[in-house]
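Trainee: Got a structure here, written out as structure tokens. Questions coming.
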There are 2 protein chains.
Amino acid sequence: MNNSSPSGLSKIGEFGIISRIAAGVVTHAGVVTGIGDDAAVTTPAVGMQLLTSTDMLLEDVHFRCIWHDPYRLGRKSLAVSISDIAAMGGIPRWALLSLAIPANLTLDFVEEFIRGFLAIAAENHVSLIGGDTCSSRSGLAVSVTIMGEQFPELIVRRSGALPDNDIWVTGTLGDAALGLMLVEREYFKGATGAIARLLDPTPRVSSALALSEAGLVTAMVDISDGVLADYGHIAEQSGVGGSIRISDLPLSADFISVTAHLPAIPYQLALTGGEDYELCFTAHRTNREKIVSCMKKCGVAVTRIGIVTNFSGVKVVNPDGTQFKVEKEGFNHFT
Amino acid sequence: MNNSSPSGLSKIGEFGIISRIAAGVVTHAGVVTGIGDDAAVTTPAVGMQLLTSTDMLLEDVHFRCIWHDPYRLGRKSLAVSISDIAAMGGIPRWALLSLAIPANLTLDFVEEFIRGFLAIAAENHVSLIGGDTCSSRSGLAVSVTIMGEQFPELIVRRSGALPDNDIWVTGTLGDAALGLMLVEREYFKGATGAIARLLDPTPRVSSALALSEAGLVTAMVDISDGVLADYGHIAEQSGVGGSIRISDLPLSADFISVTAHLPAIPYQLALTGGEDYELCFTAHRTNREKIVSCMKKCGVAVTRIGIVTNFSGVKVVNPDGTQFKVEKEGFNHFT
């Protein structure tokens, strides 16, 4: 059978695709009945609360098949959901995957997508327990739901930030946004690191768990819409404001080298560029050393970028104390 | 603000839509943190297992906006998922809703959709706890995930059917398929019952719960792809076969009156037509009276349509014992 032709999909049909997906699944903790019944059955851990999140990714809205290879697209489809569980300090457990597949997509593409999805699932001990497949009249549509668990006292919300807390971020910012600029200009040669950040982001599960289990943070969010917008969610839900120091935003070597020929460092990208999937969190000043040491053990860089304030709104400040002018806030569908 | 223009959506933006959805939400059992954080937080009931299912509905694949009004589309989007939890004998609890919204859709449409979704949620004590909204380059895409709960010993799977069990169905069959034939021919006047079954199906939650709690059934499935295909799932997973008596398939008065002018009763529709969302279940012969009495209390019709057999495959038989010729099996995407 020639699986690379679109007809491969029509030959094996809906239940053939489900069988192929099911055949690759490895199950982890808590799965009683996975793919194949009307609903999956899982056993929540005693004493833990359930964490649930869902994300939809659409062709030509969230990704383009001309620059997103199916293996990494499969990885990213689950990574962005795992990142939501991480941001709550949770342990990712079970995932559901729905695929609406256009007629021109090859079986090879679907199989590579699934291989990527299951690879990142295995890396994070996540079990694929169900989903839905259907035909699409337009592009590929992916919908992922993830469930995680955590003891109530270890769950970290957006609402716990307090005035005078530090604002921290893991890793570096703006890489995925730079990667997007490059692939949209079909410039795939340089900045492979930035492009990889866009196409295959790493959810910060172990770092987030280490922070929540050590009780070091007051609020946390993952950076999907840019640090300014995402810290904005913390500020809004905590009833506080914030002051972010533009020159303290952590930038990667790749980011600096690609943007070296520009007249100024493109801080806008680092501030409002989405999809880095790093963590932004707030913590008492007294935890500074512990946080640095905790993140060092996780092998993840961590940087203080500002201070939670009791005025409302989030300011971005230059090293001389003047206000940095933000050109555009984070990504917002429909606007 | 003119909410009926597509620009209504771009004016209020992604977070405006989420706020409007959140404003209408009523929460029920187990919800700790609903819409608004990286993940929702819920408390599973002690001793129960978690049931999870997801469905994707695409414009021009699963529905057409020219004949599906947004209120009933919202209802149906959740109904089909609630039906999956019912089919496991579970109690529906929490739902996630993702919407990919095309630029030409009005804010009125979205608000009516949400009103329908939240109405059926309230009727079934289901809490909307999260979701995702984004723009779509093509049609409206809806993805719903539902979670339910049940004690392990009360969960009913597809795999428990035994030879010589009766095969039962609730309600009547073929109505939704007939409704689809009518609306696709733009014939909206007659058969309002059949069309209503298509546009606004009723998940059989209380009937399914009554059956599972009384321990009356060995296997159960909801009829989404036609009773032949869906009983086929029971047969396959139970390692049994089945014999379905074509003349015993329950037909509605609407179905009979609309098809009265045809040379023969269109049993094909009742056998292979999808989307009735009735229950198909198997039970020991000794439970016949109890099942009839239990369903009577629920106000739902119930009919024995066949027998589980120990040969493999599902046969459909005429009253004279000859085999009924099936023209097409249930709906299958991609074929």
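Residues in the structure tokens are named by chain (A, B, ... in the order shown) and by number from 1 within that chain; ligands are numbered from 1 in the order shown.
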Kindly provide, as an MDAnalysis selection string, the residues of chain A having any atom no farther than 6 Å from an atom of chain B, counting only C-alpha atoms.
Mentor: chainID A and resid 10 13:14 38:43 49:55 84 131:132 134:135 332:335
Trainee: Write a file of the selected residues as a CSV table (one decimal), in the first residue's frame, keeping C-alpha atoms.
Mentor:
chain,number,residue,atom,x,y,z
A,10,SER,CA,-9.3,6.7,2.5
A,13,GLY,CA,-10.6,4.7,6.9
A,14,GLU,CA,-11.4,6.4,10.2
A,38,ASP,CA,-17.4,5.6,24.4
A,39,ALA,CA,-15.2,7.3,27.1
A,40,ALA,CA,-11.8,6.6,28.6
A,41,VAL,CA,-11.6,5.5,32.2
A,42,THR,CA,-8.9,6.7,34.5
A,43,THR,CA,-8.3,6.6,38.2
A,49,GLN,CA,-7.3,17.6,42.4
A,50,LEU,CA,-7.7,17.3,38.6
A,51,LEU,CA,-6.2,19.9,36.2
A,52,THR,CA,-7.7,20.2,32.7
A,53,SER,CA,-6.8,22.3,29.7
A,54,THR,CA,-7.5,22.3,26.0
A,55,ASP,CA,-5.9,23.9,22.9
A,84,ASP,CA,-0.6,24.6,30.8
A,131,GLY,CA,-9.8,11.4,20.8
A,132,ASP,CA,-11.8,11.9,17.6
A,134,CYS,CA,-12.8,13.2,11.1
A,135,SER,CA,-12.4,14.5,7.6
A,332,ASN,CA,-5.1,38.2,20.4
A,333,HIS,CA,-7.3,36.3,17.9
A,334,PHE,CA,-10.0,38.4,16.1
A,335,THR,CA,-8.2,41.8,16.5
Trainee: Identify, with DSSP run on backbone atoms, the residues in region 194-285 of chain A assigned to alpha helix (DSSP H), and express the list as a ChimeraX atom specification.
Mentor: /A:194-199,205-213,227-238,253-258,267-272
Trainee: When you count only C-alpha atoms, which of these residues is closest to Asp200 (chain B): B:Thr303, B:Ser19, B:Ser77, B:Thr172?
Mentor: B:Ser77
Trainee: May I ask for the distance between CA of Pro163 (chain A) and CA of Gly241 (chain A), given in Å to one decimal place?
Mentor: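 If I compute the distance from CA of Pro163 (chain A) to CA of Gly241 (chain A), I get 7.8 Å.
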Trainee: Which one of A:Leu107, A:Val183, A:Val80, A:Ile265 sits closest to Pro203 (chain A) if you count only C-alpha atoms?
Mentor: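 Among the listed residues, the smallest separation from Pro203 (chain A) belongs to A:Val80.
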Trainee: Skip region 110-123 of chain A itself and residues of its chain fewer than 5 positions away, then list as a list in words all residues within 7 Å of it, counting only C-alpha atoms.
Mentor: Ile21, Val25, Pro70, Tyr71, Arg72, Leu73, Gly74, Arg75 and Leu78 of chain A
Trainee: Between B:Leu271, B:Glu278, B:Ala176, B:Thr202, which is the closest to Lys325 (chain B) once you count only C-alpha atoms?
Mentor: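 Ranking B:Leu271, B:Glu278, B:Ala176, B:Thr202 by distance to Lys325 (chain B), first place goes to B:Leu271.
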Trainee: Just the number, please: distance in Å from CA of Asp320 (chain B) to CA of Arg285 (chain B), one decimal.
Mentor: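 Taking CA of Asp320 (chain B) and CA of Arg285 (chain B), their separation equals 22.9 Å.
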Trainee: Enumerate as a PyMOL selection string all residues of region 234-310 of chain B assigned to strand (DSSP E) by DSSP on the backbone, naming them with the chain letters and numbers the document uses.
Mentor: chain B and resi 241-245+279-283+302-309
Trainee: Could you save the residues just selected, with N, CA and C atoms, as a short mmCIF file (atom, residue, chain, number, x, y, z; two decimals), in the first residue's frame?
Mentor:
data_model
loop_
_atom_site.label_atom_id
_atom_site.label_comp_id
_atom_site.auth_asym_id
_atom_site.auth_seq_id
_atom_site.Cartn_x
_atom_site.Cartn_y
_atom_site.Cartn_z
N GLY B 241 -21.06 -12.16 18.39
CA GLY B 241 -21.76 -11.69 17.21
C GLY B 241 -23.14 -11.22 17.59
N GLY B 242 -24.01 -11.15 16.61
CA GLY B 242 -25.36 -10.71 16.94
C GLY B 242 -26.31 -10.97 15.81
N SER B 243 -27.57 -11.06 16.16
CA SER B 243 -28.62 -11.23 15.17
C SER B 243 -29.68 -10.17 15.48
N ILE B 244 -29.85 -9.24 14.52
CA ILE B 244 -30.79 -8.13 14.70
C ILE B 244 -32.02 -8.39 13.83
N ARG B 245 -33.21 -8.29 14.44
CA ARG B 245 -34.47 -8.54 13.71
C ARG B 245 -34.94 -7.21 13.10
N LEU B 279 -29.53 4.76 23.19
CA LEU B 279 -28.65 3.76 23.76
C LEU B 279 -28.90 2.41 23.10
N CYS B 280 -27.84 1.67 22.86
CA CYS B 280 -27.95 0.27 22.49
C CYS B 280 -27.25 -0.51 23.59
N PHE B 281 -27.93 -1.47 24.19
CA PHE B 281 -27.28 -2.23 25.28
C PHE B 281 -27.66 -3.69 25.23
N THR B 282 -26.90 -4.48 25.94
CA THR B 282 -27.17 -5.92 26.02
C THR B 282 -27.45 -6.27 27.48
N ALA B 283 -28.29 -7.31 27.66
CA ALA B 283 -28.68 -7.68 29.03
C ALA B 283 -29.12 -9.14 29.06
N VAL B 302 -38.33 1.47 25.23
CA VAL B 302 -37.23 0.52 25.09
C VAL B 302 -37.72 -0.69 24.32
N THR B 303 -36.89 -1.22 23.44
CA THR B 303 -37.30 -2.30 22.53
C THR B 303 -36.18 -3.34 22.41
N ARG B 304 -36.59 -4.62 22.47
CA ARG B 304 -35.63 -5.69 22.19
C ARG B 304 -35.55 -5.86 20.68
N ILE B 305 -34.35 -5.79 20.13
CA ILE B 305 -34.23 -5.87 18.66
C ILE B 305 -33.42 -7.08 18.21
N GLY B 306 -32.91 -7.86 19.14
CA GLY B 306 -32.13 -9.02 18.69
C GLY B 306 -31.47 -9.77 19.83
N ILE B 307 -30.56 -10.64 19.44
CA ILE B 307 -29.92 -11.56 20.38
C ILE B 307 -28.41 -11.56 20.12
N VAL B 308 -27.63 -11.55 21.19
CA VAL B 308 -26.18 -11.72 21.07
C VAL B 308 -25.91 -13.19 20.74
N THR B 309 -25.04 -13.41 19.76
CA THR B 309 -24.75 -14.79 19.34
C THR B 309 -23.28 -15.11 19.59
#
Trainee: If we count only C-alpha atoms, what is near Gly274 (chain A) at a cut-off of 8 Å, once residues fewer than 5 positions away on the same chain are taken out, given as an NGL selection string?
Mentor: :A and (174 or 176-177 or 223-227 or 330-331)
Trainee: Would you save the residues from that selection as a short mmCIF file (atom, residue, chain, number, x, y, z; two decimals), in the first residue's frame, using C-alpha atoms?
Mentor:
data_model
loop_
_atom_site.label_atom_id
_atom_site.label_comp_id
_atom_site.auth_asym_id
_atom_site.auth_seq_id
_atom_site.Cartn_x
_atom_site.Cartn_y
_atom_site.Cartn_z
CA GLY A 174 11.51 36.10 21.96
CA ALA A 176 9.90 31.55 19.01
CA ALA A 177 8.72 34.95 17.72
CA ILE A 223 4.37 32.33 28.24
CA SER A 224 2.22 31.63 25.20
CA ASP A 225 1.15 35.18 24.24
CA GLY A 226 4.33 37.06 25.20
CA VAL A 227 5.59 37.84 28.70
CA GLY A 330 0.52 39.98 22.95
CA PHE A 331 -1.29 37.97 20.34
#
Trainee: Nearest to Ile18 (chain A) among A:Leu209, A:His284, A:Ala79, A:Leu128, with distances taken over only C-alpha atoms: which residue is it?
Mentor: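 The answer is A:Leu128, which sits nearest to Ile18 (chain A).
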Trainee: Identify which of the residues B:Asp175, B:Val326, B:Val205, B:Glu184 lies closest to Gly273 (chain B), counting only C-alpha atoms when measuring atom-to-atom distances.
Mentor: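 Distance minimum relative to Gly273 (chain B) lands on B:Asp175.
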